[in-house]
Amino acid sequence: MAGSPSGLPTTPPYWNPAFNNITSLYGPGGSPMPGLISPYATYGMNLNFIAAVMFPQVASTFIALQTSLLNVDASNPAALLQVQLTMSEYENAVQSTSQMYASFETLIKAIIQNI
Amino acid sequence: MSHHATDHHSTHHTDAATSHAGLISKEDRQMFMEMGMMAHNNVLPWEGHALFGQLLLVEPEEAYPRVGMAYCKIMGGQFAEAHQLLKNKVVTSSSLKDFALALRGLAFYLAKQPKELEQLFKEHEQPLEKNLPARNMFQNLITTL
C-alpha cells in the first residue's frame with residue numbers, strides 16, 4: 001500500500017473490464033450521455049455494479065444483442081436469426097452468472113456477519 | 001445487516017475497557033465494513049480506501065480492515081495488492097481466513113488465472129469444507145472460469 005504513510009492511495013484507479021476490454025456502443029468510457037453525467041455513474045448505483053465488473057460476458061453479450069437489434073433488417077431472415085442467436089447468448093450469460101452472483105452476495109454477507 | 005447506530009455510542013467505552021478484542025464494537029465493525037464496501041460499490045472508491053485505511057490504523061491486529069481493503073483492491077483491479085493483504089498473517093490466523101481465501105479466488109478469477117485459482121482451492125480444500133459460503137464461491141469460480 002504505497003502512496004502515503006497511512007497507505008491511502010491518492011488516486012485509486014477505477015477499473016471496469018466489462019467496458020474497458022470491449023468496444024462499447026457509446027465509445028470510450030461507455031457513457032450514453034457523455035458530458036452530462038460521469039461515465040462511472042452509468043454503471044449502476046448499487047451492487048449491480050459488481051455484477052458488471054465480475055461478469056463481463058453479460059455486458060459483452062448484451063452489447064452484441066443491442067448492436068444486432070440496432071442493425072436489424074426485418075426483411076432479411078438471416079439478420080433476424082442473428083438477433084435470435086445473440087439473444088440466446090445473452091440469456092445464457094445471465095443464467096450462468098446468476099448462481100455466481102448469489103454465491104458472491106452470500107460470501108460478502110457471511111464475511112460481515114463473522115467479523 | 002441492520003444498523004443500530006443510536007444504541008452504539010453509549011456502549012463504546014465499556015467495550016473498549018472490558019474487551020481485548022479491539023477498540024470498536026462488533027456491531028460497529030460490521031457497520032464500517034458494510035459502509036466501506038458500499039462506498040466502493042457506489043462509485044466512491046477513495047472513500048472506501050480511506051475508511052479501511054483508518055480502520056487499519058485503529059485496529060492493526062484485526063483482520064477485517066485488511067479484508068475490507070482487499071475487497072476495494074479487488075474491485076479496483078489491484079489484484080497483487082489484494083493478495084498481499086489477504087496473505088497477511090493477521091488475516092490467515094483469523095476467523096476470516098477461509099473467506100479471505102475465497103476473495104483471493106475471486107481475484108484470480110477476475111485476473112483470468114485459472115491455474116492459480118485451482119491450486120489455491122486444492123491447497124485449502126479440506127478447511128474450506130467447513131465454510132459453505134467460501135466453498136460455494138470457489139466452486140462457482142472454478143466451474144465458470
# chains A, B, ... in the order shown; residues from 1 in each chain; ligands from 1

$ interface_residues --of "chain B" --to "chain A" --cutoff "8 Å" --atoms "only C-alpha atoms" --output "MDAnalysis selection string"
chainID B and resid 1 26 29:30 33:34 38 41:43 45:46 49:50 53:54 57 64 75:77 81 95:96 99 110 133:134 136:137 140:141 144

$ write_last_selection --atoms "N, CA, C and O atoms" --output "tab-separated table (two decimals), in the first residue's frame"
chain	number	residue	atom	x	y	z
B	1	MET	N	-28.23	-7.26	8.12
B	1	MET	CA	-27.18	-6.25	8.21
B	1	MET	C	-27.77	-4.93	8.69
B	1	MET	O	-27.67	-3.92	8.04
B	26	LYS	N	-18.27	-5.02	17.84
B	26	LYS	CA	-18.54	-5.90	16.69
B	26	LYS	C	-19.58	-5.28	15.76
B	26	LYS	O	-19.43	-5.31	14.54
B	29	ARG	N	-18.01	-2.54	13.80
B	29	ARG	CA	-17.11	-3.10	12.78
B	29	ARG	C	-17.92	-3.57	11.57
B	29	ARG	O	-17.55	-3.32	10.42
B	30	GLN	N	-19.02	-4.24	11.86
B	30	GLN	CA	-19.87	-4.72	10.76
B	30	GLN	C	-20.42	-3.56	9.95
B	30	GLN	O	-20.47	-3.60	8.72
B	33	MET	N	-17.63	-2.06	7.89
B	33	MET	CA	-17.30	-2.97	6.77
B	33	MET	C	-18.31	-2.79	5.64
B	33	MET	O	-17.93	-2.67	4.47
B	34	GLU	N	-19.56	-2.78	6.02
B	34	GLU	CA	-20.61	-2.63	5.01
B	34	GLU	C	-20.53	-1.25	4.35
B	34	GLU	O	-20.67	-1.12	3.13
B	38	MET	N	-19.94	-0.66	0.45
B	38	MET	CA	-20.97	0.04	-0.29
B	38	MET	C	-20.45	1.34	-0.89
B	38	MET	O	-20.82	1.71	-2.00
B	41	ASN	N	-18.65	0.32	-3.92
B	41	ASN	CA	-19.59	-0.10	-4.96
B	41	ASN	C	-20.35	1.08	-5.55
B	41	ASN	O	-20.80	1.02	-6.69
B	42	ASN	N	-20.51	2.12	-4.75
B	42	ASN	CA	-21.30	3.26	-5.20
B	42	ASN	C	-20.43	4.40	-5.71
B	42	ASN	O	-20.67	5.57	-5.41
B	43	VAL	N	-19.41	4.02	-6.45
B	43	VAL	CA	-18.58	4.98	-7.15
B	43	VAL	C	-17.82	5.91	-6.22
B	43	VAL	O	-17.55	7.06	-6.56
B	45	PRO	N	-14.63	5.04	-4.60
B	45	PRO	CA	-13.51	4.17	-4.24
B	45	PRO	C	-12.56	4.82	-3.24
B	45	PRO	O	-12.01	4.13	-2.37
B	46	TRP	N	-12.36	6.15	-3.35
B	46	TRP	CA	-11.44	6.81	-2.42
B	46	TRP	C	-11.97	6.68	-1.00
B	46	TRP	O	-11.22	6.41	-0.06
B	49	HIS	N	-11.37	3.20	0.37
B	49	HIS	CA	-9.96	3.07	0.76
B	49	HIS	C	-9.68	3.83	2.06
B	49	HIS	O	-8.99	3.35	2.94
B	50	ALA	N	-10.24	5.05	2.14
B	50	ALA	CA	-9.98	5.89	3.31
B	50	ALA	C	-10.52	5.25	4.57
B	50	ALA	O	-9.85	5.21	5.61
B	53	GLY	N	-8.49	2.21	5.44
B	53	GLY	CA	-7.16	2.66	5.84
B	53	GLY	C	-7.17	3.16	7.28
B	53	GLY	O	-6.26	2.86	8.05
B	54	GLN	N	-8.20	3.89	7.64
B	54	GLN	CA	-8.31	4.39	9.01
B	54	GLN	C	-8.55	3.24	9.99
B	54	GLN	O	-7.97	3.20	11.08
B	57	LEU	N	-5.40	1.53	10.74
B	57	LEU	CA	-4.58	2.25	11.72
B	57	LEU	C	-5.10	2.06	13.14
B	57	LEU	O	-4.33	1.95	14.09
B	64	TYR	N	-10.36	-7.71	9.81
B	64	TYR	CA	-11.40	-7.16	8.94
B	64	TYR	C	-11.00	-5.91	8.15
B	64	TYR	O	-11.43	-5.77	6.99
B	75	MET	N	-11.88	-4.94	-6.41
B	75	MET	CA	-12.83	-4.24	-7.25
B	75	MET	C	-12.15	-3.14	-8.06
B	75	MET	O	-12.70	-2.67	-9.06
B	76	GLY	N	-10.97	-2.73	-7.62
B	76	GLY	CA	-10.20	-1.74	-8.38
B	76	GLY	C	-9.20	-2.37	-9.34
B	76	GLY	O	-8.43	-1.67	-9.98
B	77	GLY	N	-9.19	-3.72	-9.40
B	77	GLY	CA	-8.28	-4.40	-10.32
B	77	GLY	C	-6.86	-4.49	-9.82
B	77	GLY	O	-5.96	-4.88	-10.57
B	81	GLU	N	-2.01	-6.44	-4.86
B	81	GLU	CA	-2.13	-5.82	-3.54
B	81	GLU	C	-3.19	-6.52	-2.70
B	81	GLU	O	-3.05	-6.64	-1.49
B	95	SER	N	-10.46	-15.66	12.10
B	95	SER	CA	-11.66	-16.43	11.76
B	95	SER	C	-12.15	-16.11	10.35
B	95	SER	O	-13.04	-16.77	9.83
B	96	LEU	N	-11.55	-15.08	9.75
B	96	LEU	CA	-11.94	-14.71	8.38
B	96	LEU	C	-11.07	-15.39	7.32
B	96	LEU	O	-11.17	-15.08	6.14
B	99	PHE	N	-12.77	-17.02	4.32
B	99	PHE	CA	-13.40	-16.01	3.46
B	99	PHE	C	-12.32	-15.28	2.65
B	99	PHE	O	-12.54	-14.93	1.49
B	110	LEU	N	-10.92	-12.93	-11.58
B	110	LEU	CA	-11.01	-11.68	-12.34
B	110	LEU	C	-9.75	-11.41	-13.14
B	110	LEU	O	-9.80	-10.75	-14.17
B	133	PRO	N	-20.17	-20.85	2.53
B	133	PRO	CA	-20.15	-19.71	1.59
B	133	PRO	C	-18.84	-19.61	0.81
B	133	PRO	O	-18.86	-19.36	-0.40
B	134	ALA	N	-17.72	-19.84	1.50
B	134	ALA	CA	-16.42	-19.75	0.82
B	134	ALA	C	-16.25	-20.89	-0.18
B	134	ALA	O	-15.78	-20.68	-1.31
B	136	ASN	N	-18.63	-22.66	-1.70
B	136	ASN	CA	-19.54	-22.47	-2.84
B	136	ASN	C	-19.00	-21.43	-3.81
B	136	ASN	O	-19.13	-21.56	-5.03
B	137	MET	N	-18.44	-20.37	-3.25
B	137	MET	CA	-17.86	-19.34	-4.10
B	137	MET	C	-16.74	-19.93	-4.96
B	137	MET	O	-16.69	-19.70	-6.18
B	140	ASN	N	-18.12	-22.16	-7.74
B	140	ASN	CA	-18.68	-21.38	-8.84
B	140	ASN	C	-17.58	-20.74	-9.68
B	140	ASN	O	-17.69	-20.68	-10.91
B	141	LEU	N	-16.57	-20.24	-9.01
B	141	LEU	CA	-15.47	-19.60	-9.74
B	141	LEU	C	-14.79	-20.60	-10.65
B	141	LEU	O	-14.51	-20.32	-11.83
B	144	THR	N	-16.92	-21.76	-13.72
B	144	THR	CA	-17.27	-20.78	-14.75
B	144	THR	C	-16.05	-20.16	-15.43
B	144	THR	O	-16.20	-19.48	-16.44

$ residues_around --residues "B:Gln119" --least-positions-apart "3" --cutoff "12 Å" --atoms "only C-alpha atoms" --output "short mmCIF file (atom, residue, chain, number, x, y, z; two decimals) with all heavy atoms, in the first residue's frame"
data_model
loop_
_atom_site.label_atom_id
_atom_site.label_comp_id
_atom_site.auth_asym_id
_atom_site.auth_seq_id
_atom_site.Cartn_x
_atom_site.Cartn_y
_atom_site.Cartn_z
N LEU B 101 -9.61 -16.57 1.63
CA LEU B 101 -9.22 -17.46 0.53
C LEU B 101 -10.21 -17.32 -0.65
O LEU B 101 -9.80 -17.30 -1.81
CB LEU B 101 -9.22 -18.92 1.02
CG LEU B 101 -8.07 -19.34 1.93
CD1 LEU B 101 -8.32 -20.74 2.47
CD2 LEU B 101 -6.74 -19.29 1.19
N ARG B 104 -9.43 -14.26 -2.45
CA ARG B 104 -8.25 -14.46 -3.30
C ARG B 104 -8.62 -15.24 -4.55
O ARG B 104 -8.11 -14.99 -5.64
CB ARG B 104 -7.16 -15.20 -2.51
CG ARG B 104 -6.49 -14.34 -1.44
CD ARG B 104 -5.25 -15.02 -0.91
NE ARG B 104 -4.28 -15.17 -1.98
CZ ARG B 104 -3.31 -16.10 -1.98
NH1 ARG B 104 -3.21 -16.94 -0.98
NH2 ARG B 104 -2.46 -16.15 -2.98
N GLY B 105 -9.52 -16.21 -4.38
CA GLY B 105 -10.01 -16.95 -5.54
C GLY B 105 -10.69 -16.02 -6.52
O GLY B 105 -10.48 -16.13 -7.73
N PHE B 108 -8.10 -14.14 -8.45
CA PHE B 108 -7.54 -14.97 -9.54
C PHE B 108 -8.54 -15.09 -10.69
O PHE B 108 -8.17 -15.08 -11.86
CB PHE B 108 -7.18 -16.37 -9.01
CG PHE B 108 -5.90 -16.42 -8.23
CD1 PHE B 108 -5.82 -17.11 -7.03
CD2 PHE B 108 -4.76 -15.78 -8.69
CE1 PHE B 108 -4.64 -17.17 -6.30
CE2 PHE B 108 -3.56 -15.83 -7.97
CZ PHE B 108 -3.51 -16.52 -6.77
N GLN B 113 -6.79 -16.18 -14.08
CA GLN B 113 -5.68 -17.06 -13.73
C GLN B 113 -6.24 -18.38 -13.20
O GLN B 113 -6.24 -18.64 -11.99
CB GLN B 113 -4.80 -16.39 -12.66
CG GLN B 113 -4.09 -15.13 -13.15
CD GLN B 113 -3.28 -14.47 -12.06
OE1 GLN B 113 -3.83 -13.93 -11.10
NE2 GLN B 113 -1.97 -14.52 -12.19
N PRO B 114 -6.75 -19.24 -14.12
CA PRO B 114 -7.40 -20.47 -13.67
C PRO B 114 -6.49 -21.43 -12.92
O PRO B 114 -6.91 -22.08 -11.96
CB PRO B 114 -7.91 -21.09 -14.98
CG PRO B 114 -7.14 -20.45 -16.06
CD PRO B 114 -6.77 -19.09 -15.57
N LYS B 115 -5.21 -21.51 -13.35
CA LYS B 115 -4.29 -22.43 -12.68
C LYS B 115 -4.09 -22.04 -11.22
O LYS B 115 -4.12 -22.88 -10.32
CB LYS B 115 -2.93 -22.44 -13.42
CG LYS B 115 -2.94 -23.23 -14.70
CD LYS B 115 -1.57 -23.23 -15.35
CE LYS B 115 -1.63 -23.93 -16.70
NZ LYS B 115 -0.37 -23.80 -17.43
N GLU B 116 -3.88 -20.75 -11.01
CA GLU B 116 -3.66 -20.27 -9.65
C GLU B 116 -4.91 -20.46 -8.80
O GLU B 116 -4.84 -20.81 -7.62
CB GLU B 116 -3.27 -18.79 -9.67
CG GLU B 116 -1.86 -18.50 -10.19
CD GLU B 116 -1.79 -18.49 -11.71
OE1 GLU B 116 -2.81 -18.80 -12.36
OE2 GLU B 116 -0.70 -18.19 -12.23
N LYS B 122 -7.17 -26.34 -4.21
CA LYS B 122 -6.65 -27.66 -3.82
C LYS B 122 -5.87 -27.60 -2.52
O LYS B 122 -5.96 -28.49 -1.68
CB LYS B 122 -5.77 -28.22 -4.95
CG LYS B 122 -6.57 -28.82 -6.10
CD LYS B 122 -5.66 -29.33 -7.20
CE LYS B 122 -6.50 -29.79 -8.39
NZ LYS B 122 -5.66 -30.07 -9.56
N GLU B 123 -5.09 -26.54 -2.38
CA GLU B 123 -4.27 -26.41 -1.17
C GLU B 123 -5.10 -26.28 0.09
O GLU B 123 -4.64 -26.61 1.18
CB GLU B 123 -3.35 -25.18 -1.30
CG GLU B 123 -2.17 -25.39 -2.22
CD GLU B 123 -1.39 -24.09 -2.47
OE1 GLU B 123 -1.75 -23.07 -1.87
OE2 GLU B 123 -0.46 -24.13 -3.28
N HIS B 124 -6.32 -25.75 -0.07
CA HIS B 124 -7.15 -25.47 1.13
C HIS B 124 -8.50 -26.17 1.06
O HIS B 124 -9.45 -25.74 1.71
CB HIS B 124 -7.34 -23.96 1.28
CG HIS B 124 -6.07 -23.20 1.41
ND1 HIS B 124 -5.40 -22.68 0.33
CD2 HIS B 124 -5.32 -22.89 2.49
CE1 HIS B 124 -4.30 -22.07 0.74
NE2 HIS B 124 -4.23 -22.18 2.04
N GLU B 125 -8.57 -27.25 0.30
CA GLU B 125 -9.86 -27.92 0.09
C GLU B 125 -10.46 -28.41 1.40
O GLU B 125 -11.67 -28.24 1.62
CB GLU B 125 -9.67 -29.09 -0.87
CG GLU B 125 -10.96 -29.52 -1.54
CD GLU B 125 -10.72 -30.46 -2.71
OE1 GLU B 125 -9.55 -30.71 -3.04
OE2 GLU B 125 -11.73 -30.92 -3.27
N PHE B 138 -15.86 -20.70 -4.32
CA PHE B 138 -14.76 -21.33 -5.05
C PHE B 138 -15.29 -22.22 -6.17
O PHE B 138 -14.80 -22.19 -7.31
CB PHE B 138 -13.90 -22.17 -4.10
CG PHE B 138 -12.62 -21.51 -3.73
CD1 PHE B 138 -12.40 -21.04 -2.45
CD2 PHE B 138 -11.61 -21.35 -4.67
CE1 PHE B 138 -11.21 -20.42 -2.10
CE2 PHE B 138 -10.42 -20.73 -4.33
CZ PHE B 138 -10.22 -20.27 -3.04
N ILE B 142 -14.52 -21.79 -10.11
CA ILE B 142 -13.77 -22.80 -10.88
C ILE B 142 -14.60 -23.30 -12.06
O ILE B 142 -14.07 -23.47 -13.16
CB ILE B 142 -13.36 -23.97 -9.94
CG1 ILE B 142 -12.23 -23.49 -9.01
CG2 ILE B 142 -12.89 -25.17 -10.74
CD1 ILE B 142 -11.90 -24.43 -7.89
#

$ atom_distance --atom1 "atom CA of A:Ala93" --atom2 "atom CA of A:Gln66"
14.6 Å

$ atom_distance --atom1 "atom CA of B:Val91" --atom2 "atom CA of B:Phe52"
14.3 Å

$ residues_around --residues "A:Asn71" --least-positions-apart "6" --cutoff "10 Å" --atoms "only C-alpha atoms" --output "PyMOL selection string"
chain A and resi 65+79+83

$ atom_distance --atom1 "atom CA of B:Leu56" --atom2 "atom CA of B:Asp98"
19.9 Å

$ decode --residues "stretch 61-84 of chain A" --atoms "N, CA and C atoms" --output "mmCIF file, in the first residue's frame"
data_model
loop_
_atom_site.group_PDB
_atom_site.id
_atom_site.type_symbol
_atom_site.label_atom_id
_atom_site.label_comp_id
_atom_site.auth_asym_id
_atom_site.auth_seq_id
_atom_site.Cartn_x
_atom_site.Cartn_y
_atom_site.Cartn_z
ATOM 1 N N THR A 61 -22.283 -9.716 -24.212
ATOM 2 C CA THR A 61 -23.387 -10.309 -24.976
ATOM 3 C C THR A 61 -24.558 -9.336 -25.083
ATOM 4 N N PHE A 62 -24.744 -8.506 -24.041
ATOM 5 C CA PHE A 62 -25.805 -7.500 -24.109
ATOM 6 C C PHE A 62 -25.524 -6.495 -25.218
ATOM 7 N N ILE A 63 -24.271 -6.071 -25.310
ATOM 8 C CA ILE A 63 -23.919 -5.090 -26.349
ATOM 9 C C ILE A 63 -24.028 -5.719 -27.736
ATOM 10 N N ALA A 64 -23.677 -7.003 -27.823
ATOM 11 C CA ALA A 64 -23.838 -7.696 -29.109
ATOM 12 C C ALA A 64 -25.316 -7.743 -29.502
ATOM 13 N N LEU A 65 -26.168 -8.010 -28.500
ATOM 14 C CA LEU A 65 -27.606 -8.047 -28.759
ATOM 15 C C LEU A 65 -28.108 -6.671 -29.186
ATOM 16 N N GLN A 66 -27.628 -5.659 -28.454
ATOM 17 C CA GLN A 66 -28.029 -4.278 -28.761
ATOM 18 C C GLN A 66 -27.612 -3.911 -30.191
ATOM 19 N N THR A 67 -26.396 -4.286 -30.551
ATOM 20 C CA THR A 67 -25.886 -3.976 -31.885
ATOM 21 C C THR A 67 -26.716 -4.667 -32.957
ATOM 22 N N SER A 68 -27.023 -5.949 -32.719
ATOM 23 C CA SER A 68 -27.792 -6.692 -33.728
ATOM 24 C C SER A 68 -29.198 -6.131 -33.853
ATOM 25 N N LEU A 69 -29.758 -5.635 -32.734
ATOM 26 C CA LEU A 69 -31.098 -5.045 -32.801
ATOM 27 C C LEU A 69 -31.082 -3.713 -33.551
ATOM 28 N N LEU A 70 -30.034 -2.933 -33.313
ATOM 29 C CA LEU A 70 -29.944 -1.627 -33.976
ATOM 30 C C LEU A 70 -29.754 -1.769 -35.485
ATOM 31 N N ASN A 71 -29.069 -2.841 -35.860
ATOM 32 C CA ASN A 71 -28.737 -3.009 -37.281
ATOM 33 C C ASN A 71 -29.680 -3.958 -38.005
ATOM 34 N N VAL A 72 -30.723 -4.399 -37.334
ATOM 35 C CA VAL A 72 -31.545 -5.455 -37.915
ATOM 36 C C VAL A 72 -32.323 -4.957 -39.144
ATOM 37 N N ASP A 73 -32.373 -5.833 -40.127
ATOM 38 C CA ASP A 73 -33.172 -5.568 -41.325
ATOM 39 C C ASP A 73 -34.306 -6.597 -41.309
ATOM 40 N N ALA A 74 -35.529 -6.105 -41.048
ATOM 41 C CA ALA A 74 -36.656 -7.017 -40.837
ATOM 42 C C ALA A 74 -36.961 -7.874 -42.054
ATOM 43 N N SER A 75 -36.521 -7.430 -43.226
ATOM 44 C CA SER A 75 -36.798 -8.201 -44.436
ATOM 45 C C SER A 75 -35.746 -9.289 -44.669
ATOM 46 N N ASN A 76 -34.741 -9.301 -43.837
ATOM 47 C CA ASN A 76 -33.647 -10.257 -44.036
ATOM 48 C C ASN A 76 -33.729 -11.354 -42.970
ATOM 49 N N PRO A 77 -34.100 -12.571 -43.355
ATOM 50 C CA PRO A 77 -34.235 -13.660 -42.382
ATOM 51 C C PRO A 77 -32.930 -13.953 -41.642
ATOM 52 N N ALA A 78 -31.818 -13.801 -42.355
ATOM 53 C CA ALA A 78 -30.523 -14.080 -41.708
ATOM 54 C C ALA A 78 -30.261 -13.101 -40.567
ATOM 55 N N ALA A 79 -30.660 -11.842 -40.759
ATOM 56 C CA ALA A 79 -30.462 -10.823 -39.726
ATOM 57 C C ALA A 79 -31.333 -11.125 -38.503
ATOM 58 N N LEU A 80 -32.565 -11.587 -38.774
ATOM 59 C CA LEU A 80 -33.453 -11.943 -37.663
ATOM 60 C C LEU A 80 -32.906 -13.133 -36.880
ATOM 61 N N LEU A 81 -32.339 -14.064 -37.639
ATOM 62 C CA LEU A 81 -31.718 -15.224 -36.990
ATOM 63 C C LEU A 81 -30.560 -14.790 -36.102
ATOM 64 N N GLN A 82 -29.815 -13.809 -36.576
ATOM 65 C CA GLN A 82 -28.682 -13.292 -35.812
ATOM 66 C C GLN A 82 -29.165 -12.672 -34.489
ATOM 67 N N VAL A 83 -30.288 -11.963 -34.543
ATOM 68 C CA VAL A 83 -30.847 -11.364 -33.332
ATOM 69 C C VAL A 83 -31.227 -12.466 -32.343
ATOM 70 N N GLN A 84 -31.887 -13.524 -32.872
ATOM 71 C CA GLN A 84 -32.268 -14.646 -32.007
ATOM 72 C C GLN A 84 -31.045 -15.280 -31.356
#
